[in-house]
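For reference, the structure discussed in these notes is given below.
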Amino acid sequence: MPPDNRYVSEIIFHVRYAETDSMGFVHHAAYLVWFEEGRSAFIREHGWSYAKIEASGYFLAATDLEARYLRAARYDQQVTVRTWIVEARSRAITFACEIVATVDSQALFQATLTLICLDSAGRPTRIPESWQAWLAG
């Protein structure tokens, strides 16, 4: 559940047929793609993008993922992806995600992902000061 005092990005869409198996259930990997889209939306809503981050000479690499699959989403079901920052440290950002059924807010998936900031040579580096506004959430 997102904290009340943090900015939470929300995106809503219908489950696409390509994301499901022959029974109409969403494949487990799709939830991680949706989490990525949630993180991208969060960053865009703060005036940045992954492309802008990379163009400035920095990269974000995944270091730790914790995920819980609670209920299966189905083809054509409308889902809401909520994303927020749990913690921003000197070199790493931890995002959280909750995916719910839009119609009744039933929880489908929850996850956290820690990303480390890398320089253009692939070495861990401090997060730039220019990111501080959107990291504050």
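Residue numbers start at 1 in each chain; chains themselves are named A, B, ... in the order of the structure tokens; ligands are numbered from 1 in the order shown.
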
Per residue of region 7-68 of chain A within 12 Å of region 118-130 of chain A, which atom pair is closest and at what distance in Å (one decimal), using only C-alpha atoms, listed by chain and increasing number, as JSON lines?
{"residue": "A:His46", "atom": "CA", "partner": "A:Ser130", "partner_atom": "CA", "distance": 11.7}
{"residue": "A:Gly47", "atom": "CA", "partner": "A:Ser130", "partner_atom": "CA", "distance": 11.2}
{"residue": "A:Trp48", "atom": "CA", "partner": "A:Ser130", "partner_atom": "CA", "distance": 10.3}
{"residue": "A:Lys52", "atom": "CA", "partner": "A:Ser130", "partner_atom": "CA", "distance": 11.8}
{"residue": "A:Ile53", "atom": "CA", "partner": "A:Pro128", "partner_atom": "CA", "distance": 9.9}
{"residue": "A:Glu54", "atom": "CA", "partner": "A:Ser120", "partner_atom": "CA", "distance": 8.4}
{"residue": "A:Ala55", "atom": "CA", "partner": "A:Ser120", "partner_atom": "CA", "distance": 9.7}
{"residue": "A:Ser56", "atom": "CA", "partner": "A:Ser120", "partner_atom": "CA", "distance": 9.0}
{"residue": "A:Gly57", "atom": "CA", "partner": "A:Ser120", "partner_atom": "CA", "distance": 5.2}
{"residue": "A:Tyr58", "atom": "CA", "partner": "A:Asp119", "partner_atom": "CA", "distance": 4.8}
{"residue": "A:Phe59", "atom": "CA", "partner": "A:Leu118", "partner_atom": "CA", "distance": 5.0}
{"residue": "A:Leu60", "atom": "CA", "partner": "A:Leu118", "partner_atom": "CA", "distance": 6.2}
{"residue": "A:Ala61", "atom": "CA", "partner": "A:Leu118", "partner_atom": "CA", "distance": 7.2}
{"residue": "A:Ala62", "atom": "CA", "partner": "A:Leu118", "partner_atom": "CA", "distance": 10.5}
{"residue": "A:Thr63", "atom": "CA", "partner": "A:Pro124", "partner_atom": "CA", "distance": 11.3}

Output of the above residues as a PDB file, in the first residue's frame, restricted to N, CA and C atoms:
ATOM      1  N   HIS A  46       7.966  13.799 -13.259  1.00  0.00           N
ATOM      2  CA  HIS A  46       8.855  14.728 -12.563  1.00  0.00           C
ATOM      3  C   HIS A  46       9.813  15.438 -13.525  1.00  0.00           C
ATOM      4  N   GLY A  47       9.490  15.405 -14.823  1.00  0.00           N
ATOM      5  CA  GLY A  47      10.263  16.156 -15.815  1.00  0.00           C
ATOM      6  C   GLY A  47      11.512  15.469 -16.323  1.00  0.00           C
ATOM      7  N   TRP A  48      11.669  14.188 -16.025  1.00  0.00           N
ATOM      8  CA  TRP A  48      12.827  13.440 -16.472  1.00  0.00           C
ATOM      9  C   TRP A  48      12.378  12.247 -17.305  1.00  0.00           C
ATOM     10  N   LYS A  52      16.703  10.751 -20.866  1.00  0.00           N
ATOM     11  CA  LYS A  52      17.392  11.956 -20.395  1.00  0.00           C
ATOM     12  C   LYS A  52      18.478  11.601 -19.379  1.00  0.00           C
ATOM     13  N   ILE A  53      18.172  10.646 -18.497  1.00  0.00           N
ATOM     14  CA  ILE A  53      19.165  10.193 -17.517  1.00  0.00           C
ATOM     15  C   ILE A  53      20.390   9.631 -18.237  1.00  0.00           C
ATOM     16  N   GLU A  54      20.164   8.760 -19.218  1.00  0.00           N
ATOM     17  CA  GLU A  54      21.270   8.132 -19.947  1.00  0.00           C
ATOM     18  C   GLU A  54      22.022   9.141 -20.804  1.00  0.00           C
ATOM     19  N   ALA A  55      21.314  10.106 -21.379  1.00  0.00           N
ATOM     20  CA  ALA A  55      21.974  11.142 -22.175  1.00  0.00           C
ATOM     21  C   ALA A  55      22.883  12.012 -21.316  1.00  0.00           C
ATOM     22  N   SER A  56      22.577  12.112 -20.024  1.00  0.00           N
ATOM     23  CA  SER A  56      23.415  12.902 -19.124  1.00  0.00           C
ATOM     24  C   SER A  56      24.617  12.108 -18.605  1.00  0.00           C
ATOM     25  N   GLY A  57      24.763  10.848 -19.056  1.00  0.00           N
ATOM     26  CA  GLY A  57      25.938  10.060 -18.698  1.00  0.00           C
ATOM     27  C   GLY A  57      25.760   9.137 -17.510  1.00  0.00           C
ATOM     28  N   TYR A  58      24.508   8.927 -17.092  1.00  0.00           N
ATOM     29  CA  TYR A  58      24.233   8.052 -15.955  1.00  0.00           C
ATOM     30  C   TYR A  58      23.309   6.916 -16.371  1.00  0.00           C
ATOM     31  N   PHE A  59      23.358   5.848 -15.606  1.00  0.00           N
ATOM     32  CA  PHE A  59      22.513   4.684 -15.863  1.00  0.00           C
ATOM     33  C   PHE A  59      21.983   4.171 -14.532  1.00  0.00           C
ATOM     34  N   LEU A  60      20.844   3.506 -14.569  1.00  0.00           N
ATOM     35  CA  LEU A  60      20.275   2.879 -13.376  1.00  0.00           C
ATOM     36  C   LEU A  60      20.225   1.381 -13.617  1.00  0.00           C
ATOM     37  N   ALA A  61      20.929   0.627 -12.786  1.00  0.00           N
ATOM     38  CA  ALA A  61      21.000  -0.828 -12.930  1.00  0.00           C
ATOM     39  C   ALA A  61      20.331  -1.495 -11.738  1.00  0.00           C
ATOM     40  N   ALA A  62      19.528  -2.514 -12.017  1.00  0.00           N
ATOM     41  CA  ALA A  62      18.834  -3.247 -10.959  1.00  0.00           C
ATOM     42  C   ALA A  62      19.826  -4.037 -10.119  1.00  0.00           C
ATOM     43  N   THR A  63      19.647  -3.961  -8.795  1.00  0.00           N
ATOM     44  CA  THR A  63      20.505  -4.732  -7.889  1.00  0.00           C
ATOM     45  C   THR A  63      19.713  -5.660  -6.981  1.00  0.00           C
TER      46      THR A  63
END

Taking 5 positions as the minimum chain separation for residues in the same chain, which residues sit within 10 Å of Ile12 (chain A) when counting only C-alpha atoms? Answer as JSON, numbers by chain. {"A": [38, 78, 79, 80, 81, 82, 99, 100, 101, 102]}

Just list as JSON, numbers by chain whatever in region 4-127 of chain A DSSP marks as strand (DSSP E). {"A": [9, 10, 11, 12, 13, 14, 59, 60, 61, 62, 63, 64, 65, 66, 67, 68, 69, 78, 79, 80, 81, 82, 83, 84, 85, 86, 87, 88, 92, 93, 94, 95, 96, 97, 98, 99, 100, 101, 107, 108, 109, 110, 111, 112, 113, 114, 115, 116, 117, 118]}

Which residues, written as a VMD selection string, have at least one atom at most 10 Å from Ala136 (chain A), with only C-alpha atoms counted and residues fewer than 3 positions away on the same chain left out? chain A and resid 6 to 7 85 to 88 131 to 133

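CA of Asp21 (chain A) to CA of Tyr69 (chain A) spans 15.9 Å [interatomic distance, one decimal].
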
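Here CA of Thr94 (chain A) stands at a distance of 8.9 Å from CA of Asp64 (chain A).
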
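With only C-alpha atoms as the atoms that count, the minimum distance from Phe35 (chain A) to the choices A:Trp134, A:Tyr75, A:Phe109, A:Tyr17 is reached by A:Phe109.
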
Please report, as a ChimeraX atom specification, each residue of chain A to which DSSP assigns alpha helix (DSSP H) when run on this structure's backbone. /A:28-45,50-55,132-135

Could the residues in this selection be saved with C-alpha atoms as an mmCIF file, in the first residue's frame?
data_model
loop_
_atom_site.group_PDB
_atom_site.id
_atom_site.type_symbol
_atom_site.label_atom_id
_atom_site.label_comp_id
_atom_site.auth_asym_id
_atom_site.auth_seq_id
_atom_site.Cartn_x
_atom_site.Cartn_y
_atom_site.Cartn_z
ATOM 1 C CA HIS A 28 4.372 -13.581 -14.555
ATOM 2 C CA ALA A 29 7.006 -11.587 -16.498
ATOM 3 C CA ALA A 30 4.416 -9.025 -17.638
ATOM 4 C CA TYR A 31 4.050 -7.662 -14.099
ATOM 5 C CA LEU A 32 7.729 -6.686 -14.111
ATOM 6 C CA VAL A 33 7.285 -4.906 -17.456
ATOM 7 C CA TRP A 34 4.323 -3.037 -15.968
ATOM 8 C CA PHE A 35 6.476 -2.079 -12.958
ATOM 9 C CA GLU A 36 9.065 -0.698 -15.377
ATOM 10 C CA GLU A 37 6.366 1.322 -17.122
ATOM 11 C CA GLY A 38 5.265 2.613 -13.713
ATOM 12 C CA ARG A 39 8.809 3.725 -12.877
ATOM 13 C CA SER A 40 9.126 5.402 -16.262
ATOM 14 C CA ALA A 41 5.830 7.230 -15.717
ATOM 15 C CA PHE A 42 6.936 8.338 -12.241
ATOM 16 C CA ILE A 43 10.173 9.768 -13.628
ATOM 17 C CA ARG A 44 8.412 11.444 -16.615
ATOM 18 C CA GLU A 45 5.880 13.057 -14.261
ATOM 19 C CA TYR A 50 15.329 7.219 -18.650
ATOM 20 C CA ALA A 51 16.528 8.605 -22.007
ATOM 21 C CA LYS A 52 17.392 11.956 -20.395
ATOM 22 C CA ILE A 53 19.165 10.193 -17.517
ATOM 23 C CA GLU A 54 21.270 8.132 -19.947
ATOM 24 C CA ALA A 55 21.974 11.142 -22.175
ATOM 25 C CA GLN A 132 17.058 15.529 -5.977
ATOM 26 C CA ALA A 133 13.711 17.193 -6.781
ATOM 27 C CA TRP A 134 12.112 14.088 -8.257
ATOM 28 C CA LEU A 135 13.761 11.774 -5.758
#

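Residues with any atom within 8 Å of Phe25 (chain A), counting only C-alpha atoms and excluding same-chain neighbours fewer than 3 positions away, are Thr20, Asp21, Ser22, Ala72, Ala73, Arg74 and Tyr75 of chain A.
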
Written selection (N, CA and C atoms) as a PDB file, in the first residue's frame:
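Done, and the output landed in selection.pdb:
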ATOM      1  N   THR A  20      -0.855 -12.644 -22.064  1.00  0.00           N
ATOM      2  CA  THR A  20      -1.526 -13.752 -21.383  1.00  0.00           C
ATOM      3  C   THR A  20      -1.126 -15.103 -21.959  1.00  0.00           C
ATOM      4  N   ASP A  21      -1.414 -16.139 -21.161  1.00  0.00           N
ATOM      5  CA  ASP A  21      -1.189 -17.508 -21.627  1.00  0.00           C
ATOM      6  C   ASP A  21      -2.476 -18.040 -22.273  1.00  0.00           C
ATOM      7  N   SER A  22      -2.514 -19.307 -22.607  1.00  0.00           N
ATOM      8  CA  SER A  22      -3.667 -19.875 -23.304  1.00  0.00           C
ATOM      9  C   SER A  22      -4.935 -19.901 -22.448  1.00  0.00           C
ATOM     10  N   ALA A  72      -3.957 -13.475 -10.039  1.00  0.00           N
ATOM     11  CA  ALA A  72      -3.693 -13.378 -11.471  1.00  0.00           C
ATOM     12  C   ALA A  72      -4.609 -12.350 -12.130  1.00  0.00           C
ATOM     13  N   ALA A  73      -4.003 -11.522 -12.949  1.00  0.00           N
ATOM     14  CA  ALA A  73      -4.785 -10.634 -13.808  1.00  0.00           C
ATOM     15  C   ALA A  73      -5.163 -11.435 -15.053  1.00  0.00           C
ATOM     16  N   ARG A  74      -6.223 -11.000 -15.722  1.00  0.00           N
ATOM     17  CA  ARG A  74      -6.723 -11.733 -16.888  1.00  0.00           C
ATOM     18  C   ARG A  74      -6.823 -10.813 -18.095  1.00  0.00           C
ATOM     19  N   TYR A  75      -6.874 -11.436 -19.242  1.00  0.00           N
ATOM     20  CA  TYR A  75      -7.006 -10.696 -20.494  1.00  0.00           C
ATOM     21  C   TYR A  75      -8.165  -9.690 -20.423  1.00  0.00           C
TER      22      TYR A  75
END

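Candidate residues A:Ala18, A:Cys117, A:Val26, A:Ala67 were compared for distance to Glu98 (chain A), and the nearest is A:Ala67, using only C-alpha atoms.
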
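For the pair CA of Glu66 (chain A) and CA of Val8 (chain A), the interatomic distance is 19.0 Å.
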
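Proximity to Ile116 (chain A) was assessed for A:Arg68, A:Arg16, A:His27, A:Arg89 counting only C-alpha atoms; the smallest distance is recorded for A:Arg89.
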